[in-house]
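Shown next, in structure tokens, is the structure this report addresses.
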Amino acid sequence: MEKKSCMILALDVSDREEALKIAEDVSEFVDAIKVGYPLILATGLGIIRELAEFAPIIADFKVADIPNTNRLICEQVFEAGAEAVIAQGFTGRDSLDACIEVASEYRKDVFVVSEMSHPGGAEFLQPVGEAITRMAAEAGAFGLVAPATRPERVKAIRKIIGDKLTIISPGVGAQGGKASDVIAAGADWVIVGRAIYKAESPREAARKIAAEIEAEIKGEN
């Protein structure tokens, strides 16, 4: 993905027309669109190619199964037109390797969840987050998912990986994370969902967050 606005839209709506309209409205301000089960189950995999007209698509399926099943899932995701897939790391190296092997065949990317952004993400994933981070780096993943709701964890993960991997960080807006804080902590992209797609004007909401990120990058905050 090309880094311009440093923002990814999490498009967790379930209506095709709404999804396409929001994607078009905010396309100027986002570098990618992340789609997950709510939209895919409601509309089908074909929505990926439709949305790709506006921005690269990250399939947030948090792939977490045995290697063969992971391989089959990733093949479907990339055939559908996604540029990247998000996978869990807790299933182990062989399962992650399967995702990365398929991504390599399609010349696509894999992001690995190190920790999740909700409060429960600190219960079981956070204690193993740094081990997952190291495994992802050793396996050749493109990047990691780290929580914008806990910028100190983003900073810790960045310290482990240096500049070898990218970090995308969910939890900005409705979950309480602040875009400028997590960019300052070392994230490459922030992921914003409800604060944009539930706004009265998604375009204006996206514009404001993009401006906040730009100010942080330029050192104006």
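Starting from 1 in every chain, residues are counted up; chains themselves are A, B, ... following the order of the structure tokens, and ligands are numbered from 1 as listed.
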Checklist entry - Neighbours of Gly129 of chain A within 10 Å (only C-alpha atoms; same-chain residues fewer than 2 positions away dropped), as an NGL selection string? => result :A and (89-90 or 113-116 or 121-122 or 124-127 or 131-135 or 146 or 153 or 156-157)
Next on the checklist: So that I can check the surroundings of segment 204-208 of chain A, please list as JSON, numbers by chain every protein, DNA and RNA residue that reaches within 8 Å of it, counting only C-alpha atoms and ignoring chain neighbours fewer than 3 positions away.
Outcome noted: {"A": [26, 29, 30, 195, 196, 199, 201, 211, 212]}
Checklist entry - If we count only C-alpha atoms, what is near Ala84 of chain A at a cut-off of 8 Å, once residues fewer than 4 positions away on the same chain are taken out, given as a list in words? => result Ile57, Ile58, Ala59, Phe78, Ala103, Lys108, Asp109, Val110 and Phe111 of chain A
Checklist entry - Using only C-alpha atoms, which residues sit within 8 Å of segment 11-25 of chain A once same-chain residues fewer than 5 positions away are excluded, as a PyMOL selection string? => result chain A and resi 33-36+38-40+42-43+47+50-51+54-55+193-194+197+202-203
Checklist entry - Could you state the separation of atom CA of Asn68 of chain A and atom CA of Ala87 of chain A in Å, given to one decimal place? => result 13.8 Å
Item to check | helix (DSSP H, G or I) per DSSP on the backbone: members of chain A, as a ChimeraX atom specification | outcome: /A:16-29,37-43,46-51,67-79,93-106,119-122,125-139,151-161,179-185,194-197,202-217
Expected file contents, prior selection, C-alpha atoms, as an mmCIF file, in the first residue's frame:
data_model
loop_
_atom_site.group_PDB
_atom_site.id
_atom_site.type_symbol
_atom_site.label_atom_id
_atom_site.label_comp_id
_atom_site.auth_asym_id
_atom_site.auth_seq_id
_atom_site.Cartn_x
_atom_site.Cartn_y
_atom_site.Cartn_z
ATOM 1 C CA ARG A 16 -23.751 -2.891 -0.325
ATOM 2 C CA GLU A 17 -24.983 0.494 -1.524
ATOM 3 C CA GLU A 18 -24.054 2.185 1.739
ATOM 4 C CA ALA A 19 -20.600 0.624 1.617
ATOM 5 C CA LEU A 20 -19.957 1.777 -1.933
ATOM 6 C CA LYS A 21 -21.188 5.303 -1.243
ATOM 7 C CA ILE A 22 -19.045 5.719 1.874
ATOM 8 C CA ALA A 23 -16.012 4.286 0.076
ATOM 9 C CA GLU A 24 -16.414 6.747 -2.768
ATOM 10 C CA ASP A 25 -17.005 9.685 -0.411
ATOM 11 C CA VAL A 26 -13.867 9.106 1.663
ATOM 12 C CA SER A 27 -11.528 7.691 -0.989
ATOM 13 C CA GLU A 28 -9.562 10.952 -1.128
ATOM 14 C CA PHE A 29 -8.592 10.592 2.533
ATOM 15 C CA TYR A 37 -17.280 -10.546 8.060
ATOM 16 C CA PRO A 38 -20.257 -8.156 8.513
ATOM 17 C CA LEU A 39 -19.985 -6.796 4.972
ATOM 18 C CA ILE A 40 -18.746 -9.965 3.256
ATOM 19 C CA LEU A 41 -21.402 -12.215 4.794
ATOM 20 C CA ALA A 42 -24.125 -9.743 3.850
ATOM 21 C CA THR A 43 -23.017 -9.040 0.286
ATOM 22 C CA GLY A 46 -17.739 -9.722 -4.925
ATOM 23 C CA ILE A 47 -17.910 -6.542 -2.861
ATOM 24 C CA ILE A 48 -14.116 -6.652 -2.551
ATOM 25 C CA ARG A 49 -13.592 -6.008 -6.247
ATOM 26 C CA GLU A 50 -16.263 -3.319 -6.264
ATOM 27 C CA LEU A 51 -14.675 -1.471 -3.360
ATOM 28 C CA PRO A 67 -2.401 -24.544 7.676
ATOM 29 C CA ASN A 68 -4.499 -26.158 4.946
ATOM 30 C CA THR A 69 -7.638 -24.230 5.889
ATOM 31 C CA ASN A 70 -5.660 -20.999 6.149
ATOM 32 C CA ARG A 71 -4.285 -21.636 2.690
ATOM 33 C CA LEU A 72 -7.750 -22.153 1.228
ATOM 34 C CA ILE A 73 -9.110 -19.008 2.872
ATOM 35 C CA CYS A 74 -6.229 -16.862 1.653
ATOM 36 C CA GLU A 75 -6.560 -18.175 -1.886
ATOM 37 C CA GLN A 76 -10.222 -17.115 -1.944
ATOM 38 C CA VAL A 77 -9.391 -13.694 -0.505
ATOM 39 C CA PHE A 78 -6.714 -12.926 -3.073
ATOM 40 C CA GLU A 79 -8.717 -14.343 -5.986
ATOM 41 C CA ARG A 93 4.173 -20.657 12.853
ATOM 42 C CA ASP A 94 2.971 -23.363 10.464
ATOM 43 C CA SER A 95 -0.464 -21.790 10.143
ATOM 44 C CA LEU A 96 1.044 -18.355 9.599
ATOM 45 C CA ASP A 97 3.508 -19.731 7.067
ATOM 46 C CA ALA A 98 0.595 -21.062 5.024
ATOM 47 C CA CYS A 99 -0.920 -17.567 4.785
ATOM 48 C CA ILE A 100 2.377 -15.969 3.872
ATOM 49 C CA GLU A 101 3.141 -18.612 1.240
ATOM 50 C CA VAL A 102 -0.168 -17.984 -0.510
ATOM 51 C CA ALA A 103 0.312 -14.224 -0.270
ATOM 52 C CA SER A 104 3.728 -14.587 -1.855
ATOM 53 C CA GLU A 105 2.266 -16.602 -4.739
ATOM 54 C CA TYR A 106 -0.246 -13.828 -5.411
ATOM 55 C CA PRO A 119 -10.373 -4.314 26.632
ATOM 56 C CA GLY A 120 -10.494 -8.108 26.408
ATOM 57 C CA GLY A 121 -7.525 -7.988 24.046
ATOM 58 C CA ALA A 122 -5.299 -7.405 27.053
ATOM 59 C CA LEU A 125 -3.287 -11.835 23.583
ATOM 60 C CA GLN A 126 -1.242 -9.079 25.186
ATOM 61 C CA PRO A 127 0.898 -11.477 27.272
ATOM 62 C CA VAL A 128 1.963 -13.283 24.081
ATOM 63 C CA GLY A 129 1.869 -10.249 21.799
ATOM 64 C CA GLU A 130 5.600 -9.715 21.719
ATOM 65 C CA ALA A 131 6.259 -13.391 20.942
ATOM 66 C CA ILE A 132 3.740 -13.198 18.088
ATOM 67 C CA THR A 133 5.456 -10.040 16.889
ATOM 68 C CA ARG A 134 8.825 -11.765 16.705
ATOM 69 C CA MET A 135 7.320 -14.783 14.960
ATOM 70 C CA ALA A 136 5.627 -12.573 12.372
ATOM 71 C CA ALA A 137 8.904 -10.825 11.639
ATOM 72 C CA GLU A 138 10.781 -14.122 11.307
ATOM 73 C CA ALA A 139 8.063 -15.542 9.039
ATOM 74 C CA PRO A 151 -0.232 3.395 22.289
ATOM 75 C CA GLU A 152 2.391 2.116 24.712
ATOM 76 C CA ARG A 153 1.933 -1.345 23.200
ATOM 77 C CA VAL A 154 2.406 0.053 19.706
ATOM 78 C CA LYS A 155 5.624 1.645 20.900
ATOM 79 C CA ALA A 156 6.819 -1.651 22.406
ATOM 80 C CA ILE A 157 6.061 -3.550 19.220
ATOM 81 C CA ARG A 158 7.795 -0.930 17.087
ATOM 82 C CA LYS A 159 10.865 -1.303 19.293
ATOM 83 C CA ILE A 160 10.948 -5.041 18.586
ATOM 84 C CA ILE A 161 10.552 -4.848 14.801
ATOM 85 C CA ALA A 179 -4.845 9.096 15.716
ATOM 86 C CA SER A 180 -2.024 11.491 16.570
ATOM 87 C CA ASP A 181 -1.055 9.485 19.669
ATOM 88 C CA VAL A 182 -0.711 6.196 17.847
ATOM 89 C CA ILE A 183 1.182 7.717 14.914
ATOM 90 C CA ALA A 184 3.562 9.239 17.437
ATOM 91 C CA ALA A 185 3.932 5.797 19.051
ATOM 92 C CA ARG A 194 -17.426 4.029 13.347
ATOM 93 C CA ALA A 195 -16.043 7.534 13.780
ATOM 94 C CA ILE A 196 -16.225 7.791 9.984
ATOM 95 C CA TYR A 197 -18.964 5.516 8.689
ATOM 96 C CA PRO A 202 -18.268 10.421 6.541
ATOM 97 C CA ARG A 203 -16.251 12.543 4.137
ATOM 98 C CA GLU A 204 -15.907 15.412 6.606
ATOM 99 C CA ALA A 205 -15.077 13.044 9.466
ATOM 100 C CA ALA A 206 -12.364 11.406 7.358
ATOM 101 C CA ARG A 207 -11.003 14.798 6.336
ATOM 102 C CA LYS A 208 -10.656 15.928 9.962
ATOM 103 C CA ILE A 209 -8.848 12.767 11.068
ATOM 104 C CA ALA A 210 -6.547 12.935 8.041
ATOM 105 C CA ALA A 211 -5.693 16.523 8.990
ATOM 106 C CA GLU A 212 -4.913 15.446 12.569
ATOM 107 C CA ILE A 213 -2.557 12.762 11.296
ATOM 108 C CA GLU A 214 -0.866 15.156 8.888
ATOM 109 C CA ALA A 215 -0.318 17.673 11.692
ATOM 110 C CA GLU A 216 1.284 14.983 13.878
ATOM 111 C CA ILE A 217 3.590 13.866 11.075
#
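Distances here use only C-alpha atoms; by that measure, the residue among A:Ser5, A:Gln175, A:Thr166, A:Gln88 closest to Asp31 of chain A is A:Ser5.
Nearest to Gly173 of chain A of all the residues A:Val85, A:Ala80, A:Ala148, A:Ala141 is A:Ala148, based on only C-alpha atoms.
With distances restricted to only C-alpha atoms, A:Gly81 is the closest residue to Pro56 of chain A from A:Gly44, A:Gly219, A:Gly177, A:Gly81.
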